[in-house]
Amino acid sequence: MDIIDKKKYTGERGRVFILSGPSGTGKDTVFNHMMTLQPGIDNVAKCITATTRPQNKDHGEKSQQTYLFLSRSEFLERVIDGYFLEYAEYAHNLYGTPVSSVMDKVNAGVDVFLVIEVQGAAIVKRKLMDAIMIFLIPPSLSALDKRLRLRSRDSSEAIRKRLESAIIEMKAIPTYDYLLVNDSLEQTAMELHSIIIAERSRIRVGHSVVLNNDISDG
Ligand code: 5GP
């Protein structure tokens, strides 16, 4: 029998994964840990996004590695130029996903992760209907409060606002495909890994091919 190419059914192009969840839940930590799990997963990359928020050099944030840090006017110019797939205002700062950094990877067959908040996620889903939406929650709001304090990046007032935002953001959970609880880092990273593996076997619309000789009634 001829060899059947799985990609005829699952597609040659990469997938778009959206990972959302309240700030401080550990989205980046879970993603980074998932990338270190063995056996390793290849052809997965995180999309570097742009922001107008100040760079946090004390916490090791490097331009072009953590974010592309832009002034508000630079950001708005790029909005006009159609540079972003989506953008949103969050905690008085703008955040946006460059369209090219998503599509270049997808076209090269790489699965791309957008670690973005819920408003931007909804925009991406409207534009890319087969984007896979994953929501990460903390085990409790008190655990989130503790993590935000341990991170010691925000003032008490800013932490209070982030907790309020968390409650609002969690209202979007029903619009997502998967829900992960970040209780144990190891377990959550493994669950994320499993989602990617499972999605790589999903038959994607527009990729179905009927094999003349291999389909019969019995
Ligand atoms: P932080 O300031 O804590 O790094 O990020 C604040 C929030 O913005 C996080 O929930 C983060 O996932 C989200 N975010 C980061 N980049 C983008 C982006 O390009 N677009 C949107 N909509 N949200 C983003």
# chains A, B, ... in the order shown; residues from 1 in each chain; ligands from 1

$ select_by_dssp --residues "range 44-118 of chain A" --states "helix (DSSP H, G or I)" --output "PyMOL selection string"
chain A and resi 57-59+72-80+99-107+118

$ write_last_selection --atoms "N, CA and C atoms" --output "short mmCIF file (atom, residue, chain, number, x, y, z; two decimals), in the first residue's frame"
data_model
loop_
_atom_site.label_atom_id
_atom_site.label_comp_id
_atom_site.auth_asym_id
_atom_site.auth_seq_id
_atom_site.Cartn_x
_atom_site.Cartn_y
_atom_site.Cartn_z
N LYS A 57 14.08 46.30 33.50
CA LYS A 57 15.46 45.78 33.38
C LYS A 57 15.89 45.05 34.65
N ASP A 58 15.35 45.50 35.81
CA ASP A 58 15.71 44.85 37.09
C ASP A 58 15.32 43.38 37.09
N HIS A 59 14.27 43.04 36.29
CA HIS A 59 13.83 41.65 36.23
C HIS A 59 14.32 40.96 34.97
N ARG A 72 4.48 55.11 22.92
CA ARG A 72 3.07 55.09 22.50
C ARG A 72 2.91 55.57 21.05
N SER A 73 3.67 56.61 20.68
CA SER A 73 3.50 57.12 19.31
C SER A 73 4.05 56.12 18.29
N GLU A 74 5.16 55.47 18.62
CA GLU A 74 5.69 54.43 17.70
C GLU A 74 4.67 53.31 17.52
N PHE A 75 4.05 52.94 18.66
CA PHE A 75 3.08 51.85 18.63
C PHE A 75 1.89 52.25 17.72
N LEU A 76 1.38 53.47 17.95
CA LEU A 76 0.20 53.91 17.19
C LEU A 76 0.49 54.06 15.70
N GLU A 77 1.73 54.48 15.38
CA GLU A 77 2.12 54.54 13.95
C GLU A 77 2.03 53.15 13.31
N ARG A 78 2.49 52.16 14.07
CA ARG A 78 2.47 50.79 13.54
C ARG A 78 1.04 50.26 13.42
N VAL A 79 0.15 50.72 14.31
CA VAL A 79 -1.26 50.33 14.20
C VAL A 79 -1.79 50.80 12.84
N ILE A 80 -1.48 52.07 12.52
CA ILE A 80 -1.96 52.65 11.24
C ILE A 80 -1.37 51.88 10.05
N VAL A 99 1.79 40.97 13.03
CA VAL A 99 1.20 39.97 12.13
C VAL A 99 2.29 39.11 11.48
N SER A 100 3.42 39.74 11.11
CA SER A 100 4.45 38.98 10.40
C SER A 100 5.08 37.91 11.28
N SER A 101 5.23 38.20 12.58
CA SER A 101 5.91 37.21 13.43
C SER A 101 5.02 35.98 13.66
N VAL A 102 3.72 36.13 13.43
CA VAL A 102 2.83 34.96 13.52
C VAL A 102 2.85 34.22 12.19
N MET A 103 2.58 34.95 11.10
CA MET A 103 2.36 34.28 9.81
C MET A 103 3.64 33.69 9.24
N ASP A 104 4.79 34.32 9.51
CA ASP A 104 6.06 33.75 9.01
C ASP A 104 6.28 32.36 9.60
N LYS A 105 5.97 32.24 10.90
CA LYS A 105 6.18 30.93 11.56
C LYS A 105 5.15 29.91 11.06
N VAL A 106 3.89 30.35 11.01
CA VAL A 106 2.82 29.44 10.57
C VAL A 106 3.13 28.93 9.16
N ASN A 107 3.55 29.83 8.28
CA ASN A 107 3.84 29.42 6.90
C ASN A 107 5.05 28.50 6.82
N VAL A 118 -7.20 38.58 27.20
CA VAL A 118 -8.44 38.09 26.60
C VAL A 118 -9.02 38.95 25.46
#

$ closest_atom_pairs --of "chain A" --to "ligand 1" --cutoff "6 Å" --atoms "only C-alpha atoms and all ligand atoms" --output "tab-separated table"
residue	atom	partner	partner_atom_place_in_ligand_line	distance
A:Pro22	CA	ligand 1	10 (O)	5.8
A:Ser23	CA	ligand 1	10 (O)	4.7
A:Thr49	CA	ligand 1	19 (O)	4.4
A:Ala50	CA	ligand 1	19 (O)	5.6
A:Tyr87	CA	ligand 1	22 (N)	5.1
A:Ala88	CA	ligand 1	22 (N)	4.7
A:Tyr95	CA	ligand 1	18 (C)	4.3
A:Gly96	CA	ligand 1	19 (O)	3.3
A:Thr97	CA	ligand 1	19 (O)	3.9
A:Val115	CA	ligand 1	12 (O)	4.7
A:Ile116	CA	ligand 1	23 (N)	3.6
A:Glu117	CA	ligand 1	23 (N)	4.2
A:Gln119	CA	ligand 1	22 (N)	5.9
A:Gly120	CA	ligand 1	22 (N)	3.6

$ residues_around --residues "range 10-14 of chain A" --least-positions-apart "3" --cutoff "10 Å" --atoms "only C-alpha atoms" --output "PyMOL selection string"
chain A and resi 5-7+17+43-44+102-112+199-208

$ select_by_dssp --residues "range 15-72 of chain A" --states "strand (DSSP E or B)" --output "count of residues only"
15

$ residues_around --residues "range 171-173 of chain A" --least-positions-apart "5" --cutoff "9 Å" --atoms "only C-alpha atoms" --output "VMD selection string"
chain A and resid 21 118 134 to 135 166 178 to 179

$ atom_distance --atom1 "CA of Thr188 in chain A" --atom2 "CA of Leu148 in chain A"
18.9 Å

$ decode --residues "range 42-62 of chain A" --atoms "N, CA, C and O atoms" --output "PDB file, in the first residue's frame"
ATOM      1  N   ASP A  42       9.409  19.745  19.096  1.00  0.00           N
ATOM      2  CA  ASP A  42      10.047  20.682  18.164  1.00  0.00           C
ATOM      3  C   ASP A  42       8.995  21.467  17.389  1.00  0.00           C
ATOM      4  O   ASP A  42       7.791  21.210  17.510  1.00  0.00           O
ATOM      5  N   ASN A  43       9.459  22.432  16.633  1.00  0.00           N
ATOM      6  CA  ASN A  43       8.568  23.266  15.817  1.00  0.00           C
ATOM      7  C   ASN A  43       7.495  23.990  16.616  1.00  0.00           C
ATOM      8  O   ASN A  43       6.337  24.080  16.192  1.00  0.00           O
ATOM      9  N   VAL A  44       7.873  24.462  17.803  1.00  0.00           N
ATOM     10  CA  VAL A  44       6.970  25.311  18.600  1.00  0.00           C
ATOM     11  C   VAL A  44       7.759  26.574  18.944  1.00  0.00           C
ATOM     12  O   VAL A  44       8.922  26.483  19.327  1.00  0.00           O
ATOM     13  N   ALA A  45       7.138  27.737  18.799  1.00  0.00           N
ATOM     14  CA  ALA A  45       7.829  28.977  19.155  1.00  0.00           C
ATOM     15  C   ALA A  45       6.844  29.961  19.764  1.00  0.00           C
ATOM     16  O   ALA A  45       5.666  29.970  19.414  1.00  0.00           O
ATOM     17  N   LYS A  46       7.353  30.769  20.681  1.00  0.00           N
ATOM     18  CA  LYS A  46       6.519  31.823  21.262  1.00  0.00           C
ATOM     19  C   LYS A  46       6.674  33.088  20.431  1.00  0.00           C
ATOM     20  O   LYS A  46       7.790  33.402  19.991  1.00  0.00           O
ATOM     21  N   CYS A  47       5.575  33.759  20.200  1.00  0.00           N
ATOM     22  CA  CYS A  47       5.619  34.995  19.424  1.00  0.00           C
ATOM     23  C   CYS A  47       6.036  36.153  20.335  1.00  0.00           C
ATOM     24  O   CYS A  47       5.445  36.346  21.398  1.00  0.00           O
ATOM     25  N   ILE A  48       7.056  36.896  19.923  1.00  0.00           N
ATOM     26  CA  ILE A  48       7.455  38.091  20.688  1.00  0.00           C
ATOM     27  C   ILE A  48       6.497  39.215  20.299  1.00  0.00           C
ATOM     28  O   ILE A  48       6.302  39.490  19.119  1.00  0.00           O
ATOM     29  N   THR A  49       5.891  39.840  21.305  1.00  0.00           N
ATOM     30  CA  THR A  49       4.907  40.880  21.030  1.00  0.00           C
ATOM     31  C   THR A  49       5.473  42.253  21.401  1.00  0.00           C
ATOM     32  O   THR A  49       6.577  42.339  21.929  1.00  0.00           O
ATOM     33  N   ALA A  50       4.696  43.275  21.105  1.00  0.00           N
ATOM     34  CA  ALA A  50       5.158  44.650  21.354  1.00  0.00           C
ATOM     35  C   ALA A  50       4.348  45.275  22.486  1.00  0.00           C
ATOM     36  O   ALA A  50       3.186  44.916  22.686  1.00  0.00           O
ATOM     37  N   THR A  51       4.977  46.170  23.216  1.00  0.00           N
ATOM     38  CA  THR A  51       4.243  46.860  24.284  1.00  0.00           C
ATOM     39  C   THR A  51       4.772  48.273  24.482  1.00  0.00           C
ATOM     40  O   THR A  51       5.932  48.564  24.158  1.00  0.00           O
ATOM     41  N   THR A  52       3.906  49.111  25.055  1.00  0.00           N
ATOM     42  CA  THR A  52       4.331  50.471  25.431  1.00  0.00           C
ATOM     43  C   THR A  52       4.676  50.524  26.911  1.00  0.00           C
ATOM     44  O   THR A  52       5.027  51.583  27.410  1.00  0.00           O
ATOM     45  N   ARG A  53       4.545  49.395  27.624  1.00  0.00           N
ATOM     46  CA  ARG A  53       4.854  49.479  29.057  1.00  0.00           C
ATOM     47  C   ARG A  53       6.374  49.563  29.253  1.00  0.00           C
ATOM     48  O   ARG A  53       7.137  49.081  28.409  1.00  0.00           O
ATOM     49  N   PRO A  54       6.808  50.200  30.366  1.00  0.00           N
ATOM     50  CA  PRO A  54       8.259  50.347  30.553  1.00  0.00           C
ATOM     51  C   PRO A  54       8.941  48.994  30.673  1.00  0.00           C
ATOM     52  O   PRO A  54       8.364  48.053  31.207  1.00  0.00           O
ATOM     53  N   GLN A  55      10.164  48.959  30.141  1.00  0.00           N
ATOM     54  CA  GLN A  55      10.965  47.733  30.220  1.00  0.00           C
ATOM     55  C   GLN A  55      11.427  47.550  31.664  1.00  0.00           C
ATOM     56  O   GLN A  55      11.881  48.515  32.286  1.00  0.00           O
ATOM     57  N   ASN A  56      11.301  46.333  32.181  1.00  0.00           N
ATOM     58  CA  ASN A  56      11.676  46.066  33.560  1.00  0.00           C
ATOM     59  C   ASN A  56      13.068  45.436  33.598  1.00  0.00           C
ATOM     60  O   ASN A  56      13.212  44.223  33.718  1.00  0.00           O
ATOM     61  N   LYS A  57      14.085  46.301  33.502  1.00  0.00           N
ATOM     62  CA  LYS A  57      15.458  45.780  33.383  1.00  0.00           C
ATOM     63  C   LYS A  57      15.890  45.046  34.650  1.00  0.00           C
ATOM     64  O   LYS A  57      16.658  44.100  34.596  1.00  0.00           O
ATOM     65  N   ASP A  58      15.349  45.497  35.813  1.00  0.00           N
ATOM     66  CA  ASP A  58      15.713  44.848  37.088  1.00  0.00           C
ATOM     67  C   ASP A  58      15.322  43.377  37.086  1.00  0.00           C
ATOM     68  O   ASP A  58      15.896  42.568  37.797  1.00  0.00           O
ATOM     69  N   HIS A  59      14.275  43.042  36.291  1.00  0.00           N
ATOM     70  CA  HIS A  59      13.827  41.653  36.233  1.00  0.00           C
ATOM     71  C   HIS A  59      14.321  40.959  34.966  1.00  0.00           C
ATOM     72  O   HIS A  59      13.720  39.986  34.504  1.00  0.00           O
ATOM     73  N   GLY A  60      15.396  41.513  34.401  1.00  0.00           N
ATOM     74  CA  GLY A  60      16.063  40.840  33.281  1.00  0.00           C
ATOM     75  C   GLY A  60      15.324  40.921  31.962  1.00  0.00           C
ATOM     76  O   GLY A  60      15.599  40.113  31.071  1.00  0.00           O
ATOM     77  N   GLU A  61      14.404  41.871  31.823  1.00  0.00           N
ATOM     78  CA  GLU A  61      13.692  41.970  30.540  1.00  0.00           C
ATOM     79  C   GLU A  61      14.591  42.589  29.477  1.00  0.00           C
ATOM     80  O   GLU A  61      15.118  43.688  29.674  1.00  0.00           O
ATOM     81  N   LYS A  62      14.746  41.883  28.364  1.00  0.00           N
ATOM     82  CA  LYS A  62      15.598  42.384  27.279  1.00  0.00           C
ATOM     83  C   LYS A  62      14.726  42.737  26.081  1.00  0.00           C
ATOM     84  O   LYS A  62      13.822  41.981  25.735  1.00  0.00           O
TER      85      LYS A  62
END
